[in-house]
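data-v8.csv follows; it contains CSV, C-alpha atoms and all ligand atoms.
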chain,number,residue,atom,x,y,z
L,1,MET,CA,-34.0,-36.9,-66.4
L,2,SER,CA,-30.4,-35.8,-66.2
L,3,LYS,CA,-27.8,-38.5,-65.3
L,4,ILE,CA,-26.4,-38.5,-61.8
L,5,ILE,CA,-23.9,-40.5,-59.8
L,6,ILE,CA,-25.3,-42.9,-57.2
L,7,ALA,CA,-22.9,-44.0,-54.4
L,8,ILE,CA,-24.0,-46.9,-52.3
L,9,ASP,CA,-21.8,-47.7,-49.3
L,10,GLY,CA,-22.1,-50.0,-46.4
L,11,PHE,CA,-20.7,-53.0,-44.4
L,12,SER,CA,-19.7,-56.2,-46.2
L,13,SER,CA,-22.6,-58.5,-47.1
L,14,SER,CA,-25.2,-55.8,-46.3
L,15,GLY,CA,-26.8,-56.6,-49.6
L,16,LYS,CA,-25.6,-53.4,-51.2
L,17,SER,CA,-24.2,-55.1,-54.3
L,18,THR,CA,-27.4,-56.8,-55.1
L,19,MET,CA,-29.3,-53.6,-54.6
L,20,ALA,CA,-26.9,-51.5,-56.6
L,21,ARG,CA,-26.8,-54.0,-59.5
L,22,SER,CA,-30.7,-54.2,-59.6
L,23,LEU,CA,-31.0,-50.4,-59.4
L,24,ALA,CA,-28.6,-49.9,-62.3
L,25,LYS,CA,-30.4,-52.4,-64.4
L,26,ARG,CA,-33.8,-50.8,-63.7
L,27,ILE,CA,-32.7,-47.3,-64.5
L,28,GLY,CA,-30.3,-48.1,-67.4
L,29,TYR,CA,-27.2,-47.1,-65.5
L,30,VAL,CA,-23.7,-48.7,-65.5
L,31,TYR,CA,-23.0,-50.7,-62.4
L,32,VAL,CA,-19.5,-50.9,-60.8
L,33,ASP,CA,-18.6,-53.1,-57.9
L,34,SER,CA,-15.6,-51.4,-56.3
L,35,GLY,CA,-15.2,-54.2,-53.8
L,36,ALA,CA,-14.5,-56.6,-56.7
L,37,MET,CA,-11.6,-54.3,-57.7
L,38,TYR,CA,-10.0,-54.7,-54.2
L,39,ARG,CA,-10.7,-58.4,-54.4
L,40,ALA,CA,-9.0,-58.7,-57.8
L,41,VAL,CA,-5.9,-56.9,-56.5
L,42,THR,CA,-5.8,-59.4,-53.6
L,43,LEU,CA,-6.1,-62.3,-55.9
L,44,TYR,CA,-3.2,-61.0,-58.0
L,45,ALA,CA,-1.2,-60.8,-54.8
L,46,LEU,CA,-2.1,-64.3,-53.8
L,47,ASN,CA,-1.3,-65.8,-57.2
L,48,ASN,CA,2.0,-64.0,-57.4
L,49,GLY,CA,3.5,-64.9,-54.0
L,50,ILE,CA,3.0,-61.4,-52.6
L,51,ALA,CA,0.3,-62.5,-50.1
L,52,SER,CA,-0.6,-65.7,-48.4
L,53,VAL,CA,-3.1,-66.7,-45.7
L,54,GLU,CA,-0.3,-67.8,-43.4
L,55,ASN,CA,2.0,-64.7,-43.8
L,56,GLY,CA,-0.3,-61.9,-44.8
L,57,VAL,CA,0.4,-59.3,-47.4
L,58,ASP,CA,3.8,-57.8,-48.5
L,59,ALA,CA,2.6,-54.3,-48.9
L,60,GLY,CA,5.8,-52.9,-50.5
L,61,ALA,CA,5.9,-55.7,-53.1
L,62,LEU,CA,2.3,-55.2,-53.9
L,63,VAL,CA,2.7,-51.5,-54.4
L,64,ARG,CA,5.5,-52.1,-56.9
L,65,VAL,CA,3.4,-54.4,-59.1
L,66,LEU,CA,0.3,-52.2,-59.1
L,67,PRO,CA,1.0,-51.0,-62.7
L,68,ASN,CA,0.9,-54.6,-63.9
L,69,ILE,CA,-2.7,-55.1,-62.6
L,70,GLU,CA,-5.4,-54.4,-65.1
L,71,ILE,CA,-9.0,-54.7,-63.9
L,72,SER,CA,-12.0,-54.5,-66.2
L,73,PHE,CA,-15.6,-55.7,-66.2
L,74,LEU,CA,-17.7,-57.8,-68.6
L,75,PRO,CA,-21.3,-56.5,-68.7
L,76,ALA,CA,-23.8,-58.8,-67.0
L,77,GLY,CA,-24.7,-61.8,-69.2
L,78,GLU,CA,-27.5,-64.3,-68.9
L,79,ASP,CA,-26.6,-65.0,-65.3
L,80,GLY,CA,-27.3,-61.3,-64.5
L,81,VAL,CA,-23.9,-61.0,-62.9
L,82,GLN,CA,-21.2,-58.6,-64.0
L,83,HIS,CA,-17.9,-60.5,-64.4
L,84,THR,CA,-14.6,-59.1,-63.1
L,85,LEU,CA,-11.6,-59.6,-65.4
L,86,LEU,CA,-8.0,-59.6,-64.0
L,87,ASN,CA,-5.5,-59.0,-66.8
L,88,GLY,CA,-8.1,-60.2,-69.2
L,89,VAL,CA,-9.0,-63.4,-67.3
L,90,ASP,CA,-12.5,-63.9,-65.8
L,91,VAL,CA,-11.9,-64.2,-62.0
L,92,GLU,CA,-15.5,-63.5,-60.8
L,93,ARG,CA,-15.7,-66.8,-58.9
L,94,GLU,CA,-12.2,-66.9,-57.4
L,95,ILE,CA,-12.4,-63.3,-56.0
L,96,ARG,CA,-15.4,-64.4,-53.8
L,97,ASP,CA,-13.7,-67.3,-52.1
L,98,MET,CA,-12.7,-67.3,-48.4
L,99,ARG,CA,-8.9,-67.0,-49.2
L,100,VAL,CA,-9.5,-63.7,-50.9
L,101,SER,CA,-12.1,-62.6,-48.3
L,102,SER,CA,-9.6,-63.2,-45.5
L,103,LEU,CA,-6.9,-61.0,-47.0
L,104,VAL,CA,-8.9,-58.3,-48.8
L,105,SER,CA,-9.3,-55.9,-45.9
L,106,PRO,CA,-5.5,-55.6,-45.2
L,107,VAL,CA,-4.9,-55.1,-48.9
L,108,ALA,CA,-7.6,-52.4,-49.0
L,109,ALA,CA,-5.9,-50.6,-46.1
L,110,ILE,CA,-2.7,-50.0,-48.1
L,111,PRO,CA,-2.9,-46.2,-49.1
L,112,GLU,CA,-1.3,-46.7,-52.5
L,113,VAL,CA,-3.7,-49.4,-53.4
L,114,ARG,CA,-6.6,-47.2,-52.5
L,115,LYS,CA,-5.2,-44.2,-54.5
L,116,HIS,CA,-4.7,-46.4,-57.5
L,117,LEU,CA,-8.2,-47.9,-57.4
L,118,THR,CA,-9.9,-44.6,-56.5
L,119,ARG,CA,-8.4,-43.0,-59.7
L,120,LEU,CA,-9.8,-45.9,-61.8
L,121,GLN,CA,-13.2,-45.6,-60.1
L,122,GLN,CA,-13.3,-41.8,-60.8
L,123,GLU,CA,-12.7,-42.5,-64.5
L,124,TYR,CA,-15.8,-44.7,-64.6
L,125,GLY,CA,-17.8,-41.9,-63.2
L,126,ARG,CA,-16.8,-39.3,-65.8
L,127,GLN,CA,-19.9,-39.7,-67.9
L,128,LYS,CA,-22.2,-40.0,-64.9
L,129,GLY,CA,-25.1,-42.5,-65.2
L,130,ILE,CA,-23.3,-44.8,-62.8
L,131,VAL,CA,-24.2,-46.8,-59.7
L,132,MET,CA,-21.1,-47.7,-57.7
L,133,ASP,CA,-21.0,-49.6,-54.4
L,134,GLY,CA,-18.3,-49.9,-51.8
L,135,ARG,CA,-17.1,-48.4,-48.6
L,136,ASP,CA,-15.8,-44.9,-49.5
L,137,ILE,CA,-17.7,-44.1,-52.6
L,138,GLY,CA,-19.8,-41.3,-51.1
L,139,THR,CA,-17.0,-40.0,-48.9
L,140,THR,CA,-13.8,-40.2,-51.0
L,141,VAL,CA,-14.4,-41.4,-54.6
L,142,PHE,CA,-17.4,-39.3,-55.4
L,143,PRO,CA,-17.9,-36.8,-52.5
L,144,ASP,CA,-20.2,-34.8,-54.8
L,145,ALA,CA,-22.4,-37.7,-55.9
L,146,GLU,CA,-26.0,-36.5,-56.2
L,147,MET,CA,-27.4,-39.6,-54.4
L,148,LYS,CA,-25.7,-41.3,-51.5
L,149,VAL,CA,-27.0,-44.3,-49.6
L,150,PHE,CA,-25.4,-46.0,-46.6
L,151,VAL,CA,-26.7,-49.6,-46.1
L,152,ASN,CA,-26.6,-51.3,-42.7
L,153,ALA,CA,-27.6,-54.7,-41.3
L,154,SER,CA,-26.5,-56.7,-38.2
L,155,PRO,CA,-23.4,-58.9,-38.5
L,156,GLU,CA,-25.5,-62.0,-37.9
L,157,VAL,CA,-28.0,-61.2,-40.7
L,158,ARG,CA,-25.1,-60.4,-43.0
L,159,ALA,CA,-23.3,-63.7,-42.2
L,160,ARG,CA,-26.4,-65.7,-42.9
L,161,ARG,CA,-26.8,-63.9,-46.3
L,162,ARG,CA,-23.1,-64.6,-47.2
L,163,VAL,CA,-23.4,-68.3,-46.3
L,164,LEU,CA,-26.5,-68.6,-48.6
L,165,GLU,CA,-24.7,-66.7,-51.4
L,166,LEU,CA,-21.6,-68.9,-51.2
L,167,GLU,CA,-23.8,-72.1,-51.0
L,168,GLN,CA,-25.7,-71.0,-54.1
L,169,LYS,CA,-22.4,-70.7,-55.9
L,170,GLY,CA,-21.5,-74.3,-54.8
L,171,SER,CA,-19.1,-73.5,-52.0
L,172,ARG,CA,-19.6,-75.1,-48.5
L,173,VAL,CA,-18.8,-72.8,-45.7
L,174,ASP,CA,-19.2,-72.7,-41.9
L,175,TYR,CA,-21.5,-70.0,-40.5
L,176,GLU,CA,-19.2,-69.2,-37.5
L,177,ASP,CA,-16.2,-68.8,-39.8
L,178,VAL,CA,-18.1,-66.4,-42.0
L,179,LEU,CA,-19.4,-64.4,-39.0
L,180,LYS,CA,-15.9,-64.1,-37.7
L,181,ASN,CA,-14.6,-62.9,-41.1
L,182,ILE,CA,-17.4,-60.3,-41.3
L,183,ARG,CA,-16.6,-59.0,-37.8
L,184,GLU,CA,-12.9,-58.8,-38.5
L,185,ARG,CA,-13.5,-57.0,-41.8
L,186,ASP,CA,-15.9,-54.6,-40.2
L,187,HIS,CA,-13.2,-53.7,-37.6
L,188,ILE,CA,-10.4,-53.2,-40.2
L,189,ASP,CA,-12.7,-51.4,-42.6
L,190,THR,CA,-14.0,-48.9,-40.0
L,191,THR,CA,-10.7,-48.3,-38.2
L,192,ARG,CA,-8.2,-48.0,-41.1
L,193,LYS,CA,-6.4,-44.7,-41.5
L,194,GLU,CA,-7.1,-44.2,-45.2
L,195,SER,CA,-10.8,-43.7,-46.1
L,196,PRO,CA,-12.4,-45.7,-43.4
L,197,LEU,CA,-15.9,-47.0,-43.9
L,198,CYS,CA,-18.3,-44.4,-42.5
L,199,ARG,CA,-21.6,-42.8,-43.5
L,200,ALA,CA,-21.2,-39.5,-45.4
L,201,ALA,CA,-23.0,-36.7,-43.6
L,202,ASP,CA,-25.4,-36.4,-46.6
L,203,ALA,CA,-26.0,-40.1,-47.2
L,204,TYR,CA,-29.5,-41.6,-46.7
L,205,LEU,CA,-29.5,-44.5,-44.2
L,206,LEU,CA,-31.0,-47.8,-45.4
L,207,ASP,CA,-31.3,-50.2,-42.5
L,208,ASN,CA,-32.3,-53.4,-44.3
L,209,ASP,CA,-32.2,-56.0,-41.5
L,210,LYS,CA,-35.9,-56.5,-41.7
L,211,MET,CA,-36.6,-55.4,-45.3
L,212,THR,CA,-37.3,-57.7,-48.3
L,213,ILE,CA,-35.4,-57.1,-51.5
L,214,PRO,CA,-38.5,-55.7,-53.3
L,215,GLU,CA,-39.0,-53.3,-50.4
L,216,GLN,CA,-35.4,-52.1,-50.6
L,217,MET,CA,-35.8,-51.6,-54.4
L,218,ASP,CA,-38.9,-49.5,-54.0
L,219,TRP,CA,-37.1,-47.4,-51.4
L,220,LEU,CA,-34.1,-46.9,-53.7
L,221,VAL,CA,-36.1,-46.2,-56.9
L,222,ASN,CA,-38.3,-43.7,-55.0
L,223,LEU,CA,-35.3,-41.9,-53.8
L,224,TYR,CA,-33.6,-41.9,-57.2
L,225,GLN,CA,-36.8,-40.5,-58.8
L,226,LYS,CA,-37.0,-37.7,-56.2
L,227,ILE,CA,-33.3,-36.8,-56.6
L,228,ALA,CA,-32.8,-37.2,-60.4
L,229,GLY,CA,-36.2,-35.4,-61.0
L,230,SER,CA,-35.0,-32.4,-59.0
L,231,GLU,CA,-31.7,-32.2,-60.9
L,232,ASN,CA,-33.4,-31.2,-64.1
M,301,LIG,O1,-17.9,-55.3,-50.8
M,301,LIG,P1,-16.9,-56.4,-50.7
M,301,LIG,O2,-17.1,-57.3,-49.4
M,301,LIG,O3,-16.7,-57.3,-51.9
M,301,LIG,O4,-15.5,-55.7,-50.5
M,301,LIG,C1,-14.3,-56.4,-50.3
M,301,LIG,C2,-13.3,-55.6,-49.4
M,301,LIG,O5,-12.8,-54.5,-50.1
M,301,LIG,C3,-13.9,-55.1,-48.1
M,301,LIG,O6,-13.4,-55.8,-47.0
M,301,LIG,C4,-13.4,-53.7,-48.0
M,301,LIG,C5,-12.8,-53.3,-49.3
M,301,LIG,N1,-13.4,-52.2,-50.0
M,301,LIG,C6,-12.9,-50.9,-49.7
M,301,LIG,O7,-12.1,-50.8,-48.8
M,301,LIG,N2,-13.4,-49.9,-50.4
M,301,LIG,C7,-14.3,-50.0,-51.3
M,301,LIG,N3,-14.7,-49.0,-52.0
M,301,LIG,C8,-14.8,-51.3,-51.6
M,301,LIG,C9,-14.3,-52.4,-50.9
Target format structure tokens, applied to this file:
Amino acid sequence: MSKIIIAIDGFSSSGKSTMARSLAKRIGYVYVDSGAMYRAVTLYALNNGIASVENGVDAGALVRVLPNIEISFLPAGEDGVQHTLLNGVDVEREIRDMRVSSLVSPVAAIPEVRKHLTRLQQEYGRQKGIVMDGRDIGTTVFPDAEMKVFVNASPEVRARRRVLELEQKGSRVDYEDVLKNIRERDHIDTTRKESPLCRAADAYLLDNDKMTIPEQMDWLVNLYQKIAGSEN
């Protein structure tokens, strides 16, 4: 089967990263979590006095230091998780904390940040054989991707999933805080001027509120086989 580009977009905590990662592993593709890249930029801003939870983000200062921010990934190890490196340091855990989550949407709304990361993401797709998840992968990063999926689930289901995920990583969080953060991010992500989160006209919709992970995987693998098979 010829290699294709698979774009998986959707709301935060819709389960798209888990799905995208498992699909990539199953079909031997590279997986790229584009949200992790926005999170790494946000962490850099927090660590360098360019952003704070109290004062928000200094967009001008962040744009000036973009060339100093290097993001790369370590392939999944024994834990099955791909680790994000920020200037060579493993930040996989830090980029998932609430401090980063509360500032990542405003950072992702800065047009220069988006242009910079979109270019890097397009580089990853040069060889095809890639599964990338995010918000604008099927619309802006890879508008010609052969397979596009848009994942949706209710905010309440997504908040419960996020709480579980954070608890499994050892963080204690309040469900109401997580739900509020998800609603705020949905609002910023869907209403920002630059590449807002929306379903590409040619994306398949996966509403996974009531689907188990194995059911979602079957759905994705069937779709992949149908599309990649017809590309030959
Ligand atoms: O998928 P995530 O929750 O880790 O993404 C973190 C944030 O990054 C999210 O609030 C929106 C933003 N993002 C984006 O704007 N474009 C992408 N392609 C991926 C993520």
### Top pick for closest residue to ligand LIG 301 (chain M), considering L:Phe73, L:Phe142, L:Tyr44, L:Tyr224 and counting all atoms listed in the file
L:Phe142
### Task
Kindly give the distance, in Å, that separates atom CA of L:Glu54 and atom CA of L:Lys180, rounded to a single decimal.
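These two atoms are separated by 17.0 Å.
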### Task
Just give me the gap between atom CA of L:Arg119 and atom CA of L:Val53 in Å, one decimal is fine.
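The value is 28.0 Å.
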Find the residues near ligand LIG 301 (chain M). Use a cut-off of 6 Å, count all atoms listed in the file, and write them as a PDB file with C-alpha atoms, keeping the file's coordinate frame.
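And here's part_7.pdb as it stands now:
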ATOM      1  CA  SER L  12     -19.700 -56.200 -46.200  1.00  0.00           C
ATOM      2  CA  SER L  34     -15.600 -51.400 -56.300  1.00  0.00           C
ATOM      3  CA  GLY L  35     -15.200 -54.200 -53.800  1.00  0.00           C
ATOM      4  CA  ALA L  36     -14.500 -56.600 -56.700  1.00  0.00           C
ATOM      5  CA  TYR L  38     -10.000 -54.700 -54.200  1.00  0.00           C
ATOM      6  CA  ARG L  39     -10.700 -58.400 -54.400  1.00  0.00           C
ATOM      7  CA  VAL L 104      -8.900 -58.300 -48.800  1.00  0.00           C
ATOM      8  CA  SER L 105      -9.300 -55.900 -45.900  1.00  0.00           C
ATOM      9  CA  ALA L 108      -7.600 -52.400 -49.000  1.00  0.00           C
ATOM     10  CA  GLY L 134     -18.300 -49.900 -51.800  1.00  0.00           C
ATOM     11  CA  ARG L 135     -17.100 -48.400 -48.600  1.00  0.00           C
ATOM     12  CA  ASP L 136     -15.800 -44.900 -49.500  1.00  0.00           C
ATOM     13  CA  ILE L 137     -17.700 -44.100 -52.600  1.00  0.00           C
ATOM     14  CA  ARG L 185     -13.500 -57.000 -41.800  1.00  0.00           C
ATOM     15  CA  ASP L 189     -12.700 -51.400 -42.600  1.00  0.00           C
TER      16      ASP L 189
END
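If you count all atoms listed in the file and ignore residues fewer than 6 places along the chain from L:Thr42, what sits within 8 Å of it is L:Ala51, L:Val100, L:Leu103, L:Val104, L:Val107.
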### Query
Which residue, L:Glu167, L:Asp207, L:Asp133, L:Glu184, has the smallest gap to L:Ser101 when you use all atoms listed in the file?
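Among the listed residues, L:Glu184 lies closest to L:Ser101.
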### Message
So the first atom is atom CA of L:Lys193 and the second is atom CA of L:Ile110; what is the distance between them in Å, to one decimal place?
### Response
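If I compute the distance from atom CA of L:Lys193 to atom CA of L:Ile110, I get 9.2 Å.
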### Task
Please provide the set of residues having any atom within 12 Å of L:Val221, restricted to only C-alpha atoms, with same-chain residues fewer than 4 positions apart removed, written as a list in words.
Ile6, Met19, Ala20, Ser22, Leu23, Ala24, Lys25, Arg26, Ile27, Met147, Val149, Pro214, Glu215, Gln216, Met217, Gln225, Lys226, Ile227, Ala228 and Gly229 of chain L
### Query
So which residues touch stretch 82-89 of chain L within 9 Å, counting all atoms listed in the file, skipping near sequence neighbours fewer than 4 positions away, as a PyMOL selection string?
chain L and resi 21+31-33+36-37+40-41+43-44+68-77+93+95
### Message
Calculated over only C-alpha atoms, which of the candidates L:Asp90, L:Glu146, L:Asp202, L:Glu112 has the smallest distance to L:Glu231?
### Response
L:Glu146
### Query
Restricting the calculation to all atoms listed in the file, which member of L:Gln168, L:Thr191, L:Asn152, L:Thr139 is positioned closest to L:Gly15?
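Of L:Gln168, L:Thr191, L:Asn152, L:Thr139, the one nearest L:Gly15 is L:Asn152, counting all atoms listed in the file.
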### Query
Pick from L:Val57, L:Ile8, L:Ala109, L:Leu46: nearest to L:Thr190, with all atoms listed in the file counted?
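Selected residue with least distance to L:Thr190: L:Ala109.
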### Message
Taking (-18.1, -41.3, -66.4) as a centre in this file's frame and 12 Å as the limit, can you find every polymer residue with an atom that close, using only C-alpha atoms, and give them as number ranges by chain?
### Response
L: 3-6, 29-32, 119-132, 142, 145
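Using all atoms listed in the file, the smallest distance between any of L:Pro155, L:Val141, L:Asn222, L:Asn48 and L:Ala61 comes from L:Asn48.
The residue set within 8 Å of L:Leu66, counting only C-alpha atoms and dropping same-chain residues fewer than 3 places from it, reads Leu62, Val63, Ile69, Val113 and His116 of chain L.
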